[in-house]
Amino acid sequence: MTPFVKAFFDEATFTVSYVVRDPNGTACAIIDSVLDFDNASGRTDTRSADKIIAYVRDEGLTVDWILESHVHADHLSAAPYIQEKTGGKIGIGDRITVVQDTFGKVFNEGTEFQRDGSQFDALFKEGDSFMVGQMRGDVLHTPGHTPACLTYVIGDAAFVGDTLFMPDFGTARCDFPGGSSETLYQSIQKILALPDETRVFVGHDYKAPGRDEYAWETTVGEQKALNIHVGQGKKIEDFVQMRDARDATLSMPRLILPSLQVNMRAGQMPPPDDQGDVFLKIPVNKL
Ligand SMILES: [Fe+2]
């Protein structure tokens, strides 16, 4: 089964969102949508999400699923906004509970913040499957970047989120709370065990030295041969040393504080105060 895949690139956060369509019908899934957010003013904007919604409407598609590969730290999810406009169920990995526990503490959330993943419509674990029209999607648990990261394999297409990036860029960072370079290496081996011709769609692209165009589609075969961090059978010790050294030089993503507070709630803002106003927190010296 070869689903039709339409990509939407958000240059503000280097995020790729996808609409995956059943080639023999009108069903689709939306993966890793973006709610635009201006950190300086605290304003949200739905420009990016509206492009996806317009595409879905123009093509006459039915949205079965609105999927998150993980709790993103670099952009806010537009899942609830899109769900309101198109329907569809919001799914994420069942280890979201670990992420909610970690960041529930970081943001000192009260007991009204449920840490059981109940904000989502579906929680997936390794080996689960789901349907997009007549297409089957299979779930791989691929932690390392975060504890809840999933790879969705739909037909011949693997949506790997933040695990592997394009071969010339390498892999995702592993230094967020709950991250582990050793775990990421093992997760990547699961992806590389898929058939060589499997199409790989990455969650972000930042270009790469010598490449001026954004890119997001590659294959398992190309990753095995060419990925600068894990290709050519790179050993786990070498990967871990490289990844940890590189992560130590990276600064926090610009939108990490708003992103985590919203995305751990399945893309919902924190509850409003008694005036109806919504606030996000800035924990000082915690991250
Ligand atoms: Fe991420």
# chains A, B, ... in the order shown; residues from 1 in each chain; ligands from 1
$ residues_near_ligand --ligand "ligand 1" --cutoff "12 Å" --atoms "only C-alpha atoms and all ligand atoms" --output "MDAnalysis selection string"
chainID A and resid 13:16 32 68:77 143:150 160:165 171:177 179 202:205 252:253 255:256 259:260 263
$ residues_around --residues "A:Glu109" --least-positions-apart "5" --cutoff "12 Å" --atoms "only C-alpha atoms" --output "PDB file with N, CA, C and O atoms, in the first residue's frame"
ATOM      1  N   GLN A 100       3.919  13.774  31.051  1.00  0.00           N
ATOM      2  CA  GLN A 100       3.008  14.617  31.843  1.00  0.00           C
ATOM      3  C   GLN A 100       3.456  14.691  33.292  1.00  0.00           C
ATOM      4  O   GLN A 100       3.350  15.744  33.933  1.00  0.00           O
ATOM      5  N   ASP A 101       3.970  13.591  33.803  1.00  0.00           N
ATOM      6  CA  ASP A 101       4.442  13.571  35.178  1.00  0.00           C
ATOM      7  C   ASP A 101       5.660  14.484  35.336  1.00  0.00           C
ATOM      8  O   ASP A 101       5.721  15.315  36.243  1.00  0.00           O
ATOM      9  N   THR A 102       6.617  14.347  34.397  1.00  0.00           N
ATOM     10  CA  THR A 102       7.832  15.164  34.450  1.00  0.00           C
ATOM     11  C   THR A 102       7.503  16.650  34.379  1.00  0.00           C
ATOM     12  O   THR A 102       7.947  17.446  35.204  1.00  0.00           O
ATOM     13  N   PHE A 103       6.714  17.021  33.359  1.00  0.00           N
ATOM     14  CA  PHE A 103       6.498  18.458  33.145  1.00  0.00           C
ATOM     15  C   PHE A 103       5.357  19.001  34.003  1.00  0.00           C
ATOM     16  O   PHE A 103       5.304  20.203  34.263  1.00  0.00           O
ATOM     17  N   GLY A 104       4.499  18.136  34.491  1.00  0.00           N
ATOM     18  CA  GLY A 104       3.529  18.558  35.506  1.00  0.00           C
ATOM     19  C   GLY A 104       4.283  19.112  36.711  1.00  0.00           C
ATOM     20  O   GLY A 104       3.892  20.127  37.303  1.00  0.00           O
ATOM     21  N   GLN A 114      -4.459  16.313  34.782  1.00  0.00           N
ATOM     22  CA  GLN A 114      -4.440  14.856  34.804  1.00  0.00           C
ATOM     23  C   GLN A 114      -3.164  14.347  34.148  1.00  0.00           C
ATOM     24  O   GLN A 114      -2.780  14.818  33.089  1.00  0.00           O
ATOM     25  N   ARG A 115      -2.531  13.393  34.789  1.00  0.00           N
ATOM     26  CA  ARG A 115      -1.293  12.801  34.241  1.00  0.00           C
ATOM     27  C   ARG A 115      -1.549  11.416  33.663  1.00  0.00           C
ATOM     28  O   ARG A 115      -0.673  10.567  33.652  1.00  0.00           O
ATOM     29  N   GLN A 261       3.831  23.167  27.797  1.00  0.00           N
ATOM     30  CA  GLN A 261       2.619  23.376  28.609  1.00  0.00           C
ATOM     31  C   GLN A 261       1.352  23.108  27.814  1.00  0.00           C
ATOM     32  O   GLN A 261       0.336  22.673  28.360  1.00  0.00           O
ATOM     33  N   MET A 264       1.479  18.983  26.293  1.00  0.00           N
ATOM     34  CA  MET A 264       1.208  17.912  27.270  1.00  0.00           C
ATOM     35  C   MET A 264      -0.285  17.857  27.589  1.00  0.00           C
ATOM     36  O   MET A 264      -0.757  16.898  28.186  1.00  0.00           O
ATOM     37  N   ARG A 265      -1.029  18.894  27.178  1.00  0.00           N
ATOM     38  CA  ARG A 265      -2.494  18.907  27.311  1.00  0.00           C
ATOM     39  C   ARG A 265      -3.173  18.597  25.974  1.00  0.00           C
ATOM     40  O   ARG A 265      -4.281  19.048  25.717  1.00  0.00           O
ATOM     41  N   PRO A 270      -3.712  25.944  28.995  1.00  0.00           N
ATOM     42  CA  PRO A 270      -4.091  25.718  30.399  1.00  0.00           C
ATOM     43  C   PRO A 270      -5.462  26.342  30.669  1.00  0.00           C
ATOM     44  O   PRO A 270      -5.879  27.249  29.939  1.00  0.00           O
ATOM     45  N   PRO A 271      -6.163  25.867  31.695  1.00  0.00           N
ATOM     46  CA  PRO A 271      -7.500  26.414  31.969  1.00  0.00           C
ATOM     47  C   PRO A 271      -7.433  27.920  32.239  1.00  0.00           C
ATOM     48  O   PRO A 271      -6.471  28.402  32.834  1.00  0.00           O
ATOM     49  N   LEU A 280       0.460  31.354  30.422  1.00  0.00           N
ATOM     50  CA  LEU A 280       1.479  30.306  30.412  1.00  0.00           C
ATOM     51  C   LEU A 280       2.559  30.701  31.416  1.00  0.00           C
ATOM     52  O   LEU A 280       2.780  31.896  31.654  1.00  0.00           O
ATOM     53  N   LYS A 281       3.212  29.704  31.977  1.00  0.00           N
ATOM     54  CA  LYS A 281       4.203  29.974  33.027  1.00  0.00           C
ATOM     55  C   LYS A 281       5.632  29.974  32.466  1.00  0.00           C
ATOM     56  O   LYS A 281       5.913  29.286  31.487  1.00  0.00           O
ATOM     57  N   PRO A 283       8.933  28.872  34.259  1.00  0.00           N
ATOM     58  CA  PRO A 283       9.660  28.419  35.454  1.00  0.00           C
ATOM     59  C   PRO A 283      11.093  28.930  35.375  1.00  0.00           C
ATOM     60  O   PRO A 283      11.743  28.803  34.341  1.00  0.00           O
TER      61      PRO A 283
END
$ select_by_dssp --residues "stretch 76-269 of chain A" --states "alpha helix (DSSP H)" --output "ChimeraX atom specification"
/A:79-86,96-106,181-192,220-226,236-247,256-263
$ atom_distance --atom1 "atom CA of A:Asp50" --atom2 "atom CA of A:Ala7"
13.8 Å
$ closest_residue --among "A:Gly178, A:Asn24, A:Leu250, A:Ser33" --to "A:Ile96" --atoms "only C-alpha atoms"
A:Gly178
$ closest_residue --among "A:Ala248, A:Val63, A:Met1, A:Ile92" --to "A:Lys125" --atoms "only C-alpha atoms"
A:Ile92
$ residues_around --residues "A:Leu61" --least-positions-apart "4" --cutoff "7 Å" --atoms "only C-alpha atoms" --output "PyMOL selection string"
chain A and resi 26-28+56-57
$ closest_residue --among "A:Ile52, A:Ile82, A:Ala12, A:Leu123" --to "A:Phe37" --atoms "only C-alpha atoms"
A:Ala12
$ residues_around --residues "A:Gly221" --least-positions-apart "6" --cutoff "12 Å" --atoms "only C-alpha atoms" --output "list of chain:residue names"
A:Pro167, A:Ile191, A:Leu192, A:Ala193, A:Leu194, A:Pro195, A:Asp196, A:Glu197, A:Thr198, A:Arg199, A:Val200, A:Asn227, A:Gly231, A:Gln232
$ write_last_selection --atoms "C-alpha atoms" --output "PDB file, in the first residue's frame"
ATOM      1  CA  PRO A 167      20.739  11.518   6.232  1.00  0.00           C
ATOM      2  CA  ILE A 191      13.272   1.906  11.997  1.00  0.00           C
ATOM      3  CA  LEU A 192      16.305   0.707  10.048  1.00  0.00           C
ATOM      4  CA  ALA A 193      14.948  -2.854  10.243  1.00  0.00           C
ATOM      5  CA  LEU A 194      12.002  -1.853   8.017  1.00  0.00           C
ATOM      6  CA  PRO A 195      12.351  -2.754   4.313  1.00  0.00           C
ATOM      7  CA  ASP A 196      14.970  -0.634   2.503  1.00  0.00           C
ATOM      8  CA  GLU A 197      12.395   0.862   0.139  1.00  0.00           C
ATOM      9  CA  THR A 198      10.242   2.162   3.027  1.00  0.00           C
ATOM     10  CA  ARG A 199       9.741   5.892   2.587  1.00  0.00           C
ATOM     11  CA  VAL A 200      10.920   7.842   5.631  1.00  0.00           C
ATOM     12  CA  ASN A 227      22.997   8.874   7.748  1.00  0.00           C
ATOM     13  CA  GLY A 231      24.674   5.017   8.880  1.00  0.00           C
ATOM     14  CA  GLN A 232      27.221   2.386   7.815  1.00  0.00           C
TER      15      GLN A 232
END
$ closest_residue --among "A:Gln134, A:Thr142, A:Ser17, A:Gln83" --to "A:Pro3" --atoms "only C-alpha atoms"
A:Gln134
$ select_by_dssp --residues "stretch 99-235 of chain A" --states "strand (DSSP E or B)" --output "PyMOL selection string"
chain A and resi 122-124+129-132+135-141+150-154+157-161+164+171+199-202+204+208+211+217-219
$ atom_distance --atom1 "atom CA of A:Asp22" --atom2 "atom CA of A:Asp10"
23.9 Å
$ atom_distance --atom1 "atom CA of A:Arg95" --atom2 "atom CA of A:Val5"
26.8 Å
